[in-house]
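Trainee: Submitted below is the structure of interest, expressed as structure tokens.
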Amino acid sequence: MIQLMQALFSVMPETAQQPMTDFRRLCLEAEEKSEFNAAPDDMDDGQQPVDPYADEIKRLEAEYGPFANGMSITVELKKLLEICPRRRRRKDAYRNLQKTLDEMGVTLKIKSQKG
């Protein structure tokens with residue numbers, strides 16, 4: 001995708017390149033988010049487990065106790081990165097984990113310095 005964007009960008013006239021900078025930036029950000037919001041990549045033999053977040057849920061339960069329906073966990077991003085590491089060090093990297101926990105009746109609130 002990046003190579004295609006670079007090829008298109010390089011053949012455009014210089015005057016047409018200016019409005020495309022925001023579009024290019026948005027495309028790169030979208031690609032980055034899709035890569036880092038994927039399931040954890042510590043899977044065995046290339047097989048996808050039934051629940052890709054099972055290991056992370058176990059780590060959270062070890063830290064905060066067994067989950068119960070209606071439970072709410074508030075954690076700082078720094079601590080969550082220690083428990084469940086991500087390459088992208090932003091709270092939106094945990095969006096799919098939050099959705100999985102919501103389905104279990106557990107709310108995960110992440111506090112970060114950026115908001």
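Each chain in the structure tokens gets a letter, A, B and so on, in the order shown; residues start at 1 in every chain, and ligands are counted from 1 in the order they appear.
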If we count only C-alpha atoms and set the cut-off at 10 Å, which residues sit around range 57-67 of chain A, ignoring sequence neighbours fewer than 5 positions away in its own chain? Please answer as a PyMOL selection string.
Mentor: chain A and resi 51-52+72-73+80+83-84+97+100-101+104-106
Trainee: I'd like to know which of A:Ala93, A:Met71, A:Ala54, A:Leu81 is closest to Leu108 in chain A, using only C-alpha atoms.
Mentor: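 Nearest to Leu108 in chain A: A:Met71.
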Trainee: When you count only C-alpha atoms, which of these residues is closest to Gly70 in chain A: A:Glu103, A:Ser112, A:Glu82, A:Asp92?
Mentor: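 Going through A:Glu103, A:Ser112, A:Glu82, A:Asp92 one by one, the smallest distance to Gly70 in chain A is for A:Glu103.
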Trainee: Between CA of Lys111 in chain A and CA of Arg89 in chain A, what is the distance, to one decimal in Å?
Mentor: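 That distance, rounded to one decimal, is 12.5 Å.
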Trainee: At what distance in Å, to one decimal, does CA of Lys91 in chain A lie from CA of Ile110 in chain A?
Mentor: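 Interatomic distance, CA of Ile110 in chain A to CA of Lys91 in chain A: 6.5 Å.
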Trainee: Which of these, A:Lys99, A:Lys78, A:Arg90, A:Pro85, has the shortest distance to Asp55 in chain A once you count only C-alpha atoms?
Mentor: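 Smallest distance to Asp55 in chain A is found for A:Pro85.
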Trainee: In Å to one decimal, how far is CA of Thr107 in chain A from CA of Glu76 in chain A?
Mentor: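 Computing it gives 14.0 Å between the two atoms.
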Trainee: Of the candidates A:Asn69, A:Lys114, A:Leu77, A:Arg86, which shows the shortest atom-to-atom distance to Glu56 in chain A, using only C-alpha atoms?
Mentor: A:Arg86
Trainee: Could you pull out the strand (DSSP E) residues of range 44-108 of chain A from DSSP and send them as a PyMOL selection string?
Mentor: chain A and resi 72-76+107-108
Trainee: Produce a file of the selected residues containing N, CA, C and O atoms, as a PDB file, in the first residue's frame.
Mentor:
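Wrote it out as result-v7.pdb, contents follow:
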ATOM      1  N   SER A  72     -15.764  -3.368  36.603  1.00  0.00           N
ATOM      2  CA  SER A  72     -15.125  -2.266  35.894  1.00  0.00           C
ATOM      3  C   SER A  72     -13.675  -2.162  36.356  1.00  0.00           C
ATOM      4  O   SER A  72     -13.398  -2.157  37.551  1.00  0.00           O
ATOM      5  N   ILE A  73     -12.773  -2.089  35.400  1.00  0.00           N
ATOM      6  CA  ILE A  73     -11.340  -1.985  35.695  1.00  0.00           C
ATOM      7  C   ILE A  73     -10.847  -0.667  35.121  1.00  0.00           C
ATOM      8  O   ILE A  73     -11.040  -0.388  33.935  1.00  0.00           O
ATOM      9  N   THR A  74     -10.214   0.156  35.949  1.00  0.00           N
ATOM     10  CA  THR A  74      -9.587   1.385  35.488  1.00  0.00           C
ATOM     11  C   THR A  74      -8.093   1.220  35.677  1.00  0.00           C
ATOM     12  O   THR A  74      -7.629   0.924  36.780  1.00  0.00           O
ATOM     13  N   VAL A  75      -7.349   1.398  34.597  1.00  0.00           N
ATOM     14  CA  VAL A  75      -5.905   1.157  34.647  1.00  0.00           C
ATOM     15  C   VAL A  75      -5.194   2.236  33.838  1.00  0.00           C
ATOM     16  O   VAL A  75      -5.723   2.728  32.838  1.00  0.00           O
ATOM     17  N   GLU A  76      -4.012   2.609  34.293  1.00  0.00           N
ATOM     18  CA  GLU A  76      -3.206   3.562  33.536  1.00  0.00           C
ATOM     19  C   GLU A  76      -2.557   2.841  32.356  1.00  0.00           C
ATOM     20  O   GLU A  76      -2.226   1.658  32.447  1.00  0.00           O
ATOM     21  N   THR A 107     -15.913  -3.933  32.011  1.00  0.00           N
ATOM     22  CA  THR A 107     -15.550  -2.660  31.395  1.00  0.00           C
ATOM     23  C   THR A 107     -14.090  -2.359  31.698  1.00  0.00           C
ATOM     24  O   THR A 107     -13.684  -2.371  32.865  1.00  0.00           O
ATOM     25  N   LEU A 108     -13.304  -2.091  30.658  1.00  0.00           N
ATOM     26  CA  LEU A 108     -11.898  -1.728  30.813  1.00  0.00           C
ATOM     27  C   LEU A 108     -11.746  -0.261  30.445  1.00  0.00           C
ATOM     28  O   LEU A 108     -11.973   0.130  29.297  1.00  0.00           O
TER      29      LEU A 108
END
